[in-house]
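Q: Before we start, here is the structure in question, set down as structure tokens.
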Amino acid sequence: MKTYNNRAWFLILPVILCVAFSAIIPLMTIVNYSVQDIISPTQSVFVGMEWFKAVMRDSDLHGALYRQLIFSLSILAIELPLGVLIALTMPASGWKASLSLVLISLPLLIPWNVVGTIWQIFARSDIGLLGYAVNHLGIDYNYSGNSMDAWVTVLIMDVWHWTPLVVLLGYAGLRSIPDAYYQAARIDGASRFAVFRYIELPKMRNVLMIGLLLRFMDSFMIYTEPFVLTGGGPGNATTFLSQYLTQKAVGQFDLGPAAAFSLIYFLIILLFCFVLYTWMQRLGTGDQK
């Protein structure tokens with residue numbers, strides 16, 4: 001009888017312990033809070049699904065969810081095509097390619113709170129270059145007082161900050177394509193669009209799927225940048241789900257409803273990621289057929 005040495009599992013034991021400490025234990029705490037009414041640190045009452053029902057009836061949650069969906073879908077619709085387009089125009093080798101990669105990566109190195117501060121100054125109409133230029137063109141622009149201006153500013157800020165991630169993923173996918181594919185395309189007289197459609201896009205599909213999932217999850221959890229830039233305003237124009245959750249947990253100290261919403265928030269992200277992943281997989285399978 002053949003025996004197996006399972007001692008290698010001990011090598012990942014530290015990882016399991018770290019995940020348990022940083023994810024599983026807090027998750028169990030949230031589940032516990034979501035079914036109880038915390039009266040004091042030593043006293044609580046079991047309420048079952050009451051907090052979940054209350055959260056689902058909250059009109060503020062419905063508005064935040066609507067704004068979040070519009071924002072995340074807008075981000076995907078802009079950043080993915082723009083990132084692929086920039087990756088296609090970048091040099092393939094040499095010092096120009098290295099310089100392009102360094103310049104493209106710079107926004108990714110800036111901390112999220114600093115990004116919000118940069119755009120808070122950059123978009124001001126009195127001292128900011130963007131705000132002054134837009135107003136100088138005759139457009140009444142004020143992100144701190146106009147809801148649409150605030151929403152568009154947050155959208156542009158996110159595009160500036162995170163499109164480089166899609167560019168880097170797309171560039172890596174392009175550089176992994178063997179030259180033999182391009183040589184065969186030139187021999188067949190394929191057009192530039194045909195090369196992109198039948199060679200480059202299929203080869204980039206996996207990295208673009210990763211970029212799509214990463215950008216969706218990150219945009220669905222956006223908090224720091226709009227909080228620093230607009231504080232969620234004016235009104236609730238840029239109050240997304242994460243800010244709604246923070247207001248519940250920290251501002252109002254409603255631990256029960258906040259915990260229930262945290263679980264709903266988590267399930268929403270999982271559901272949408274599953275739908276996007278399944279759609280991308282089926283799309284890839286259909287193209288291969």
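Within each chain, counting starts at residue 1; across the structure tokens, chains are named A, B, ... in the order shown, with ligands numbered 1 upward in that order.
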Just list as a ChimeraX atom specification whatever in segment 89-134 of chain A DSSP marks as alpha helix (DSSP H).
A: /A:89,95-105,112-122,129-134
Q: If DSSP is run on the backbone, what residues of segment 28-243 of chain A are strand (DSSP E or B)? A reply as a PyMOL selection string would be ideal.
A: chain A and resi 36-40+43-46
Q: Would you output that residue set with N, CA and C atoms, as a PDB file, in the first residue's frame?
A:
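Below you can see selection34.pdb, which holds the result:
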```pdb
ATOM      1  N   GLN A  36     -28.535  40.108  16.469  1.00  0.00           N
ATOM      2  CA  GLN A  36     -28.734  40.541  17.839  1.00  0.00           C
ATOM      3  C   GLN A  36     -28.877  42.051  17.921  1.00  0.00           C
ATOM      4  N   ASP A  37     -29.577  42.492  18.949  1.00  0.00           N
ATOM      5  CA  ASP A  37     -29.673  43.905  19.268  1.00  0.00           C
ATOM      6  C   ASP A  37     -28.716  44.170  20.412  1.00  0.00           C
ATOM      7  N   ILE A  38     -27.625  44.907  20.133  1.00  0.00           N
ATOM      8  CA  ILE A  38     -26.598  45.150  21.131  1.00  0.00           C
ATOM      9  C   ILE A  38     -27.033  46.316  22.009  1.00  0.00           C
ATOM     10  N   ILE A  39     -27.467  45.993  23.214  1.00  0.00           N
ATOM     11  CA  ILE A  39     -27.931  47.025  24.141  1.00  0.00           C
ATOM     12  C   ILE A  39     -26.755  47.660  24.874  1.00  0.00           C
ATOM     13  N   SER A  40     -25.818  46.843  25.301  1.00  0.00           N
ATOM     14  CA  SER A  40     -24.619  47.300  25.992  1.00  0.00           C
ATOM     15  C   SER A  40     -23.519  46.283  25.722  1.00  0.00           C
ATOM     16  N   GLN A  43     -24.781  43.140  27.298  1.00  0.00           N
ATOM     17  CA  GLN A  43     -26.190  42.758  27.175  1.00  0.00           C
ATOM     18  C   GLN A  43     -26.638  42.857  25.725  1.00  0.00           C
ATOM     19  N   SER A  44     -27.274  41.818  25.226  1.00  0.00           N
ATOM     20  CA  SER A  44     -27.790  41.786  23.859  1.00  0.00           C
ATOM     21  C   SER A  44     -29.047  40.931  23.814  1.00  0.00           C
ATOM     22  N   VAL A  45     -29.868  41.175  22.781  1.00  0.00           N
ATOM     23  CA  VAL A  45     -31.124  40.455  22.613  1.00  0.00           C
ATOM     24  C   VAL A  45     -31.146  39.862  21.213  1.00  0.00           C
ATOM     25  N   PHE A  46     -31.495  38.599  21.115  1.00  0.00           N
ATOM     26  CA  PHE A  46     -31.578  37.941  19.818  1.00  0.00           C
ATOM     27  C   PHE A  46     -32.814  38.438  19.069  1.00  0.00           C
TER      28      PHE A  46
END
```
Q: As a ChimeraX atom specification, please: the residues near segment 266-277 of chain A (cut-off 8 Å, only C-alpha atoms, same-chain neighbours under 3 positions excluded).
A: /A:209,213,216-217,220,262-263,280-281
Q: Selected residues, C-alpha atoms, written as a PDB file, in the first residue's frame, please.
A:
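What follows is the written file part_34.pdb:
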```pdb
ATOM      1  CA  MET A 209     -11.211  38.844 -17.168  1.00  0.00           C
ATOM      2  CA  LEU A 213     -13.230  41.286 -11.809  1.00  0.00           C
ATOM      3  CA  PHE A 216     -15.576  45.667 -10.439  1.00  0.00           C
ATOM      4  CA  MET A 217     -14.805  44.530  -6.889  1.00  0.00           C
ATOM      5  CA  PHE A 220     -17.985  48.422  -5.762  1.00  0.00           C
ATOM      6  CA  SER A 262     -22.224  44.076   5.632  1.00  0.00           C
ATOM      7  CA  LEU A 263     -23.337  40.528   4.898  1.00  0.00           C
ATOM      8  CA  MET A 280     -16.823  35.930 -19.642  1.00  0.00           C
ATOM      9  CA  GLN A 281     -16.216  32.177 -19.550  1.00  0.00           C
TER      10      GLN A 281
END
```
Q: How many Å lie between atom CA of Val31 of chain A and atom CA of Thr278 of chain A, rounded to one decimal?
A: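 Separating atom CA of Val31 of chain A from atom CA of Thr278 of chain A is a distance of 28.1 Å.
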Q: Could you tell me which of A:Asp149, A:Asp60, A:Glu50, A:Asp126 comes closest to Asn236 of chain A if we count only C-alpha atoms?
A: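 Closest candidate: A:Asp60.
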Q: How many Å lie between atom CA of Ile210 of chain A and atom CA of Ala172 of chain A, rounded to one decimal?
A: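 Computing it gives 12.2 Å between the two atoms.
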Q: List the spatial neighbours of Gly256 of chain A as a list in words - criterion: any atom at most 9 Å away, only C-alpha atoms, same-chain residues fewer than 4 positions off excluded.
A: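 Neighbouring residues, sequence-local ones excluded: Ile30, Asn32, Tyr33, Ser34, Val35, Gln36, Asp37, Ile38, Trp51, Phe52, Ala249, Ala260 and Phe261 of chain A.
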Q: Between A:Ala259, A:Gly189, A:Leu65, A:Met204, which has the minimum distance to Met49 of chain A (counting only C-alpha atoms)?
A: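 Of A:Ala259, A:Gly189, A:Leu65, A:Met204, the one nearest Met49 of chain A, counting only C-alpha atoms, is A:Ala259.
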Q: So what do you get for atom CA of Ser144 of chain A versus atom CA of Gly233 of chain A, distance-wise?
A: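 Atom-to-atom, atom CA of Ser144 of chain A and atom CA of Gly233 of chain A are spaced 7.3 Å apart.
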Q: Here is a test: counting only C-alpha atoms, which residue of A:Arg57, A:Tyr265, A:Val134, A:Gln68 is nearest to Phe122 of chain A?
A: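 Closest candidate: A:Val134.
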Q: For Val159 of chain A, please output as a list of chain:residue names all residues within 9 Å (counting only C-alpha atoms; exclusion window: fewer than 5 positions along the same chain).
A: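 The filter keeps A:Ile75, A:Ile78, A:Glu79, A:Val154, A:Pro164.
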Q: Would you mind exporting all heavy atoms of the selected residues as a JSON list (two decimals), in the first residue's frame?
A:
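Below you can see selection-v1.json, which holds the result:
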```json
[["chain", "number", "residue", "atom", "x", "y", "z"],
["A", 75, "ILE", "N", -17.57, 52.66, -14.82],
["A", 75, "ILE", "CA", -16.13, 52.43, -14.69],
["A", 75, "ILE", "C", -15.68, 51.32, -15.63],
["A", 75, "ILE", "O", -14.68, 51.44, -16.36],
["A", 75, "ILE", "CB", -15.78, 52.09, -13.23],
["A", 75, "ILE", "CG1", -15.85, 53.32, -12.35],
["A", 75, "ILE", "CG2", -14.39, 51.44, -13.14],
["A", 75, "ILE", "CD1", -14.88, 54.41, -12.74],
["A", 78, "ILE", "N", -15.70, 52.31, -19.34],
["A", 78, "ILE", "CA", -14.68, 53.27, -19.75],
["A", 78, "ILE", "C", -13.28, 52.68, -19.63],
["A", 78, "ILE", "O", -12.47, 52.74, -20.56],
["A", 78, "ILE", "CB", -14.79, 54.56, -18.92],
["A", 78, "ILE", "CG1", -16.12, 55.26, -19.18],
["A", 78, "ILE", "CG2", -13.62, 55.50, -19.23],
["A", 78, "ILE", "CD1", -16.37, 56.46, -18.28],
["A", 79, "GLU", "N", -12.97, 52.10, -18.48],
["A", 79, "GLU", "CA", -11.60, 51.72, -18.19],
["A", 79, "GLU", "C", -11.12, 50.52, -19.00],
["A", 79, "GLU", "O", -9.95, 50.49, -19.42],
["A", 79, "GLU", "CB", -11.43, 51.44, -16.70],
["A", 79, "GLU", "CG", -11.59, 52.68, -15.84],
["A", 79, "GLU", "CD", -11.35, 52.41, -14.38],
["A", 79, "GLU", "OE1", -10.95, 51.27, -14.03],
["A", 79, "GLU", "OE2", -11.55, 53.33, -13.56],
["A", 154, "VAL", "N", -15.74, 62.39, -9.58],
["A", 154, "VAL", "CA", -15.35, 61.12, -8.95],
["A", 154, "VAL", "C", -15.09, 60.06, -10.01],
["A", 154, "VAL", "O", -14.14, 59.27, -9.92],
["A", 154, "VAL", "CB", -16.44, 60.66, -7.96],
["A", 154, "VAL", "CG1", -16.13, 59.26, -7.44],
["A", 154, "VAL", "CG2", -16.55, 61.63, -6.80],
["A", 164, "PRO", "N", -4.56, 52.55, -15.43],
["A", 164, "PRO", "CA", -3.24, 51.94, -15.59],
["A", 164, "PRO", "C", -3.18, 50.46, -15.22],
["A", 164, "PRO", "O", -2.38, 49.72, -15.81],
["A", 164, "PRO", "CB", -2.35, 52.77, -14.66],
["A", 164, "PRO", "CG", -2.98, 54.12, -14.66],
["A", 164, "PRO", "CD", -4.46, 53.85, -14.72]]
```
Q: Between A:Leu241, A:Leu208, A:Ile264, A:Ala258, single out the one closest to Leu69 of chain A, counting only C-alpha atoms.
A: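 That would be A:Leu241, the residue with the smallest distance to Leu69 of chain A.
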Q: For Ile199 of chain A, list every protein, DNA or RNA residue within 10 Å, evaluated using only C-alpha atoms, and leave out those in the same chain fewer than 4 positions away; present the list as a list in words.
A: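 Once the adjacent positions are removed, what remains is Leu174, Ile177, Tyr181, Tyr182, Ala185, Phe193, Ala194, Val195, Lys203 and Met204 of chain A.
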Q: Could you name the residues that touch Asn146 of chain A at 10 Å or less, counting only C-alpha atoms, but leaving out those on the same chain fewer than 4 positions away, as number ranges by chain?
A: A: 140-142, 150-151, 233-235, 237
Q: For N, CA, C and O atoms, I'd like the residues from the last selection saved as a PDB file, in the first residue's frame.
A:
```
ATOM      1  N   ASP A 140     -20.246  76.261 -16.159  1.00  0.00           N
ATOM      2  CA  ASP A 140     -20.380  76.494 -14.722  1.00  0.00           C
ATOM      3  C   ASP A 140     -20.094  75.188 -13.985  1.00  0.00           C
ATOM      4  O   ASP A 140     -20.965  74.339 -13.823  1.00  0.00           O
ATOM      5  N   TYR A 141     -18.851  75.040 -13.550  1.00  0.00           N
ATOM      6  CA  TYR A 141     -18.407  73.792 -12.913  1.00  0.00           C
ATOM      7  C   TYR A 141     -18.105  74.034 -11.443  1.00  0.00           C
ATOM      8  O   TYR A 141     -17.331  74.935 -11.093  1.00  0.00           O
ATOM      9  N   ASN A 142     -18.721  73.232 -10.580  1.00  0.00           N
ATOM     10  CA  ASN A 142     -18.486  73.324  -9.134  1.00  0.00           C
ATOM     11  C   ASN A 142     -18.824  71.975  -8.509  1.00  0.00           C
ATOM     12  O   ASN A 142     -19.988  71.682  -8.252  1.00  0.00           O
ATOM     13  N   ALA A 150     -20.050  66.706  -9.232  1.00  0.00           N
ATOM     14  CA  ALA A 150     -19.368  65.871  -8.236  1.00  0.00           C
ATOM     15  C   ALA A 150     -19.268  64.426  -8.715  1.00  0.00           C
ATOM     16  O   ALA A 150     -18.219  63.779  -8.600  1.00  0.00           O
ATOM     17  N   TRP A 151     -20.359  63.913  -9.268  1.00  0.00           N
ATOM     18  CA  TRP A 151     -20.377  62.519  -9.717  1.00  0.00           C
ATOM     19  C   TRP A 151     -19.399  62.310 -10.877  1.00  0.00           C
ATOM     20  O   TRP A 151     -18.643  61.328 -10.897  1.00  0.00           O
ATOM     21  N   GLY A 233     -21.059  64.089  -0.725  1.00  0.00           N
ATOM     22  CA  GLY A 233     -22.004  65.079  -1.211  1.00  0.00           C
ATOM     23  C   GLY A 233     -21.712  65.521  -2.638  1.00  0.00           C
ATOM     24  O   GLY A 233     -20.909  64.886  -3.325  1.00  0.00           O
ATOM     25  N   PRO A 234     -22.367  66.607  -3.043  1.00  0.00           N
ATOM     26  CA  PRO A 234     -23.382  67.351  -2.268  1.00  0.00           C
ATOM     27  C   PRO A 234     -24.668  66.538  -2.089  1.00  0.00           C
ATOM     28  O   PRO A 234     -25.079  65.827  -2.989  1.00  0.00           O
ATOM     29  N   GLY A 235     -25.232  66.638  -0.932  1.00  0.00           N
ATOM     30  CA  GLY A 235     -26.363  65.767  -0.588  1.00  0.00           C
ATOM     31  C   GLY A 235     -25.876  64.342  -0.464  1.00  0.00           C
ATOM     32  O   GLY A 235     -24.960  64.050   0.320  1.00  0.00           O
ATOM     33  N   ALA A 237     -25.133  62.629  -3.455  1.00  0.00           N
ATOM     34  CA  ALA A 237     -24.794  62.373  -4.862  1.00  0.00           C
ATOM     35  C   ALA A 237     -23.668  61.370  -5.017  1.00  0.00           C
ATOM     36  O   ALA A 237     -23.673  60.565  -5.951  1.00  0.00           O
TER      37      ALA A 237
END
```
Q: Pick out the closest residue to Leu155 of chain A from this set: A:Leu99, A:Leu129, A:Leu76, A:Val55. Count only C-alpha atoms.
A: A:Leu76
